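Working notes, structure below.
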Amino acid sequence: MQDLSIILENQEQWSAVCGVNDGNLRVLEESLGGRIVARGNEIRADGVDEERFRGVMHALVAAVQEGEYPSPEHTRALAESIEGTDSPDPIRDAVILIPGAFKRVYPRSKNQAAYIQGMRSCDISFCVGPAGTGKTYLAIAESLRLVLSKRARRLVLTRPVVEAGESLGFLPGDLAQKINPYLRPLYDAMESLIPFDTIRRMEENHSIEIAPLAYMRGRSLNDAVVILDEAQNTTKEQMKMFLTRLGTGSRAVVTGDTTQIDLPKRVDSGLMHAVTILDSVPGLYFAWLHTVDVVRNPLIKRIIQAYDDEKKG
């Protein structure tokens with residue numbers, strides 16, 4: 001352990017590396033130990049492992065140079081995954097570059113990085129985790145990358161239409177208008193990544209299709225990326241039906257939160273059933289995200305933890 005210093009010549013780069021109110025440096029102190037302070041354009045570290053410190057700083061600077069503004073979560077993920085200056089950076093390796101997007105999409109944790117790599121390496125991927133862990137967002141980002149870079153012909157987004165306390169029959173409008181609120185979160189994710197004009201153009205040329213899960217029965221999906229969101233609300237029969245829709249050149253991503261099942265009592269969740277019986281099937285990938293992977297408002301982590309604690313008694 002020794003005193004170290006990093007000098008950043010660019011003021012904007014220095015500010016982005018340190019984070020708001022030096023928040024990224026505080027995260028590094030927690031993760032690496034020791035004391036880290038910023039003075040002028042110099043970042044000094046005392047009592048930290050030199051190789052890990054320089055490795056993380058190198059990764060942070062590289063991210064900033066590529067237009068990223070590292071968050072504390074991003075910084076923590078780097079600190080947990082990088083062992084030295086020459087060690088691989090799983091966060092950077094898993095970055096999602098969508099043609100024409102507003103920004104690059106970086107994973108915010110090691111688990112998210114592994115999830116992205118799993119989607120790239122396997123034809124069918126499952127991601128299970130609580131709200132706010134980026135399950136759907138990362139699936140849509142990776143799928144848009146494939147479609148807009150012409151590696152897949154279209155993106156199919158589907159969800160089971162299951163009532164969560166409200167009655168679908170009492171919602172106003174025709175069937176399409178009743179279903180729209182269930183599918184709106186998928187549009188929200190797309191609109192945060194690419195311009196609305198791009199989405200509209202993809203809809204017009206049928207590069208994007210959004211439909212309730214019930215509409216998938218009897219179809220064979222070729223050269224497509226298919227996302228099944230809110231899969232905890234599928235029945236066992238629906239899950240089997242969905243997984244057997246994949247045709248030639250297609251990939252599927254199944255996401256869900258097993259703590260928010262809205263199925264009637266005595267109806268088993270198709271997601272929970274699938275991860276139990278398919279975990280040893282070659283060619284499938286299972287990602288498990290946890291409270292530490294939550295990337296929304298930090299308050300969400302504390303809310304989820306409170307509910308988990310209450311359930312444990």
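Identifiers for the structure tokens are assigned positionally: chains receive A, B, ... in sequence, residues are indexed from 1 per chain, and ligands are indexed from 1 in the order shown.
Note that DSSP on the backbone gives strand (DSSP E) to these residues of segment 106-275 of chain A: Ile124, Ser125, Phe126, Cys127, Val128, Arg154, Leu155, Val156, Leu157, Thr158, Arg159, Ile208, Glu209, Ile210, Ala211, Pro212, Ala224, Val225, Val226, Ile227, Leu228, Arg251, Ala252, Val253, Val254, Thr255 and Gly256 of chain A.
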Would you write out those residues with N, CA and C atoms, as a compact mmCIF listing (two decimals), in the first residue's frame?
```
# COMPACT_ATOMS: atom_id res chain seq x y z
N ILE A 124 -31.56 -18.70 -26.13
CA ILE A 124 -32.64 -18.39 -25.20
C ILE A 124 -32.02 -18.02 -23.86
N SER A 125 -32.40 -16.85 -23.35
CA SER A 125 -31.88 -16.38 -22.07
C SER A 125 -33.04 -16.06 -21.15
N PHE A 126 -32.86 -16.37 -19.88
CA PHE A 126 -33.81 -16.01 -18.84
C PHE A 126 -33.13 -15.01 -17.91
N CYS A 127 -33.89 -14.00 -17.47
CA CYS A 127 -33.37 -13.06 -16.48
C CYS A 127 -34.44 -12.87 -15.41
N VAL A 128 -34.09 -13.20 -14.18
CA VAL A 128 -35.02 -13.12 -13.05
C VAL A 128 -34.45 -12.15 -12.03
N ARG A 154 -36.30 -8.60 -37.20
CA ARG A 154 -37.34 -7.87 -36.49
C ARG A 154 -37.28 -8.15 -34.99
N LEU A 155 -37.95 -7.29 -34.26
CA LEU A 155 -38.04 -7.40 -32.81
C LEU A 155 -39.49 -7.63 -32.44
N VAL A 156 -39.75 -8.71 -31.72
CA VAL A 156 -41.11 -9.04 -31.27
C VAL A 156 -41.14 -8.92 -29.75
N LEU A 157 -42.02 -8.08 -29.25
CA LEU A 157 -42.16 -7.84 -27.82
C LEU A 157 -43.52 -8.34 -27.36
N THR A 158 -43.52 -9.13 -26.32
CA THR A 158 -44.80 -9.67 -25.85
C THR A 158 -44.84 -9.74 -24.34
N ARG A 159 -46.06 -9.70 -23.82
CA ARG A 159 -46.32 -9.80 -22.38
C ARG A 159 -47.62 -10.57 -22.18
N ILE A 208 -40.65 -3.90 -35.85
CA ILE A 208 -41.08 -4.02 -34.46
C ILE A 208 -42.52 -4.53 -34.44
N GLU A 209 -42.76 -5.51 -33.60
CA GLU A 209 -44.13 -5.99 -33.40
C GLU A 209 -44.34 -6.14 -31.90
N ILE A 210 -45.44 -5.60 -31.40
CA ILE A 210 -45.79 -5.73 -29.99
C ILE A 210 -47.16 -6.36 -29.90
N ALA A 211 -47.25 -7.44 -29.13
CA ALA A 211 -48.52 -8.17 -29.07
C ALA A 211 -48.64 -8.90 -27.74
N PRO A 212 -49.86 -9.10 -27.27
CA PRO A 212 -50.06 -9.92 -26.06
C PRO A 212 -49.60 -11.35 -26.32
N ALA A 224 -35.78 -13.45 -35.85
CA ALA A 224 -36.32 -12.43 -34.95
C ALA A 224 -35.65 -12.49 -33.59
N VAL A 225 -35.72 -11.37 -32.88
CA VAL A 225 -35.38 -11.34 -31.47
C VAL A 225 -36.71 -11.17 -30.74
N VAL A 226 -37.01 -12.08 -29.83
CA VAL A 226 -38.31 -12.09 -29.16
C VAL A 226 -38.09 -11.91 -27.66
N ILE A 227 -38.78 -10.93 -27.09
CA ILE A 227 -38.69 -10.68 -25.65
C ILE A 227 -40.04 -10.98 -25.01
N LEU A 228 -40.02 -11.86 -24.02
CA LEU A 228 -41.21 -12.12 -23.21
C LEU A 228 -40.99 -11.43 -21.87
N ARG A 251 -33.73 -15.53 -31.59
CA ARG A 251 -33.29 -15.54 -30.20
C ARG A 251 -34.45 -15.09 -29.32
N ALA A 252 -34.43 -15.51 -28.08
CA ALA A 252 -35.48 -15.12 -27.14
C ALA A 252 -34.87 -14.72 -25.81
N VAL A 253 -35.48 -13.72 -25.19
CA VAL A 253 -35.11 -13.31 -23.84
C VAL A 253 -36.38 -13.30 -23.00
N VAL A 254 -36.33 -13.98 -21.87
CA VAL A 254 -37.49 -14.10 -20.97
C VAL A 254 -37.13 -13.38 -19.67
N THR A 255 -37.92 -12.38 -19.30
CA THR A 255 -37.63 -11.61 -18.08
C THR A 255 -38.81 -11.67 -17.12
N GLY A 256 -38.52 -11.61 -15.83
CA GLY A 256 -39.60 -11.63 -14.86
C GLY A 256 -39.13 -11.43 -13.44
```
Do a neighbour search on Thr248 of chain A at 8 Å with only C-alpha atoms, toss out local chain neighbours closer than 3 positions, and write the hits as an mmCIF file with N, CA and C atoms, in the first residue's frame.
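Done, and the output landed in part_4.cif:
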```cif
data_model
loop_
_atom_site.group_PDB
_atom_site.id
_atom_site.type_symbol
_atom_site.label_atom_id
_atom_site.label_comp_id
_atom_site.auth_asym_id
_atom_site.auth_seq_id
_atom_site.Cartn_x
_atom_site.Cartn_y
_atom_site.Cartn_z
ATOM 1 N N LEU A 221 -41.636 -18.030 -35.373
ATOM 2 C CA LEU A 221 -40.917 -16.761 -35.507
ATOM 3 C C LEU A 221 -39.500 -17.014 -36.012
ATOM 4 N N ASN A 222 -39.218 -16.553 -37.219
ATOM 5 C CA ASN A 222 -37.905 -16.742 -37.831
ATOM 6 C C ASN A 222 -37.145 -15.417 -37.914
ATOM 7 N N ASP A 223 -35.817 -15.488 -37.807
ATOM 8 C CA ASP A 223 -34.942 -14.310 -37.948
ATOM 9 C C ASP A 223 -35.416 -13.153 -37.072
#
```
Surrounding residues of segment 180-197 of chain A excluding itself and chain neighbours under 5 positions, 6 Å, only C-alpha atoms, as number ranges by chain
A: 101-102, 137
Which one of A:Thr235, A:Glu12, A:Pro70, A:Gln65 sits closest to Leu25 of chain A if you count only C-alpha atoms?
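Distance minimum relative to Leu25 of chain A lands on A:Pro70.
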Using DSSP on the backbone, list every residue of segment 33-133 of chain A that comes out as alpha helix (DSSP H), and give them as a ChimeraX atom specification.
/A:50-65,72-81,90-93,110-121
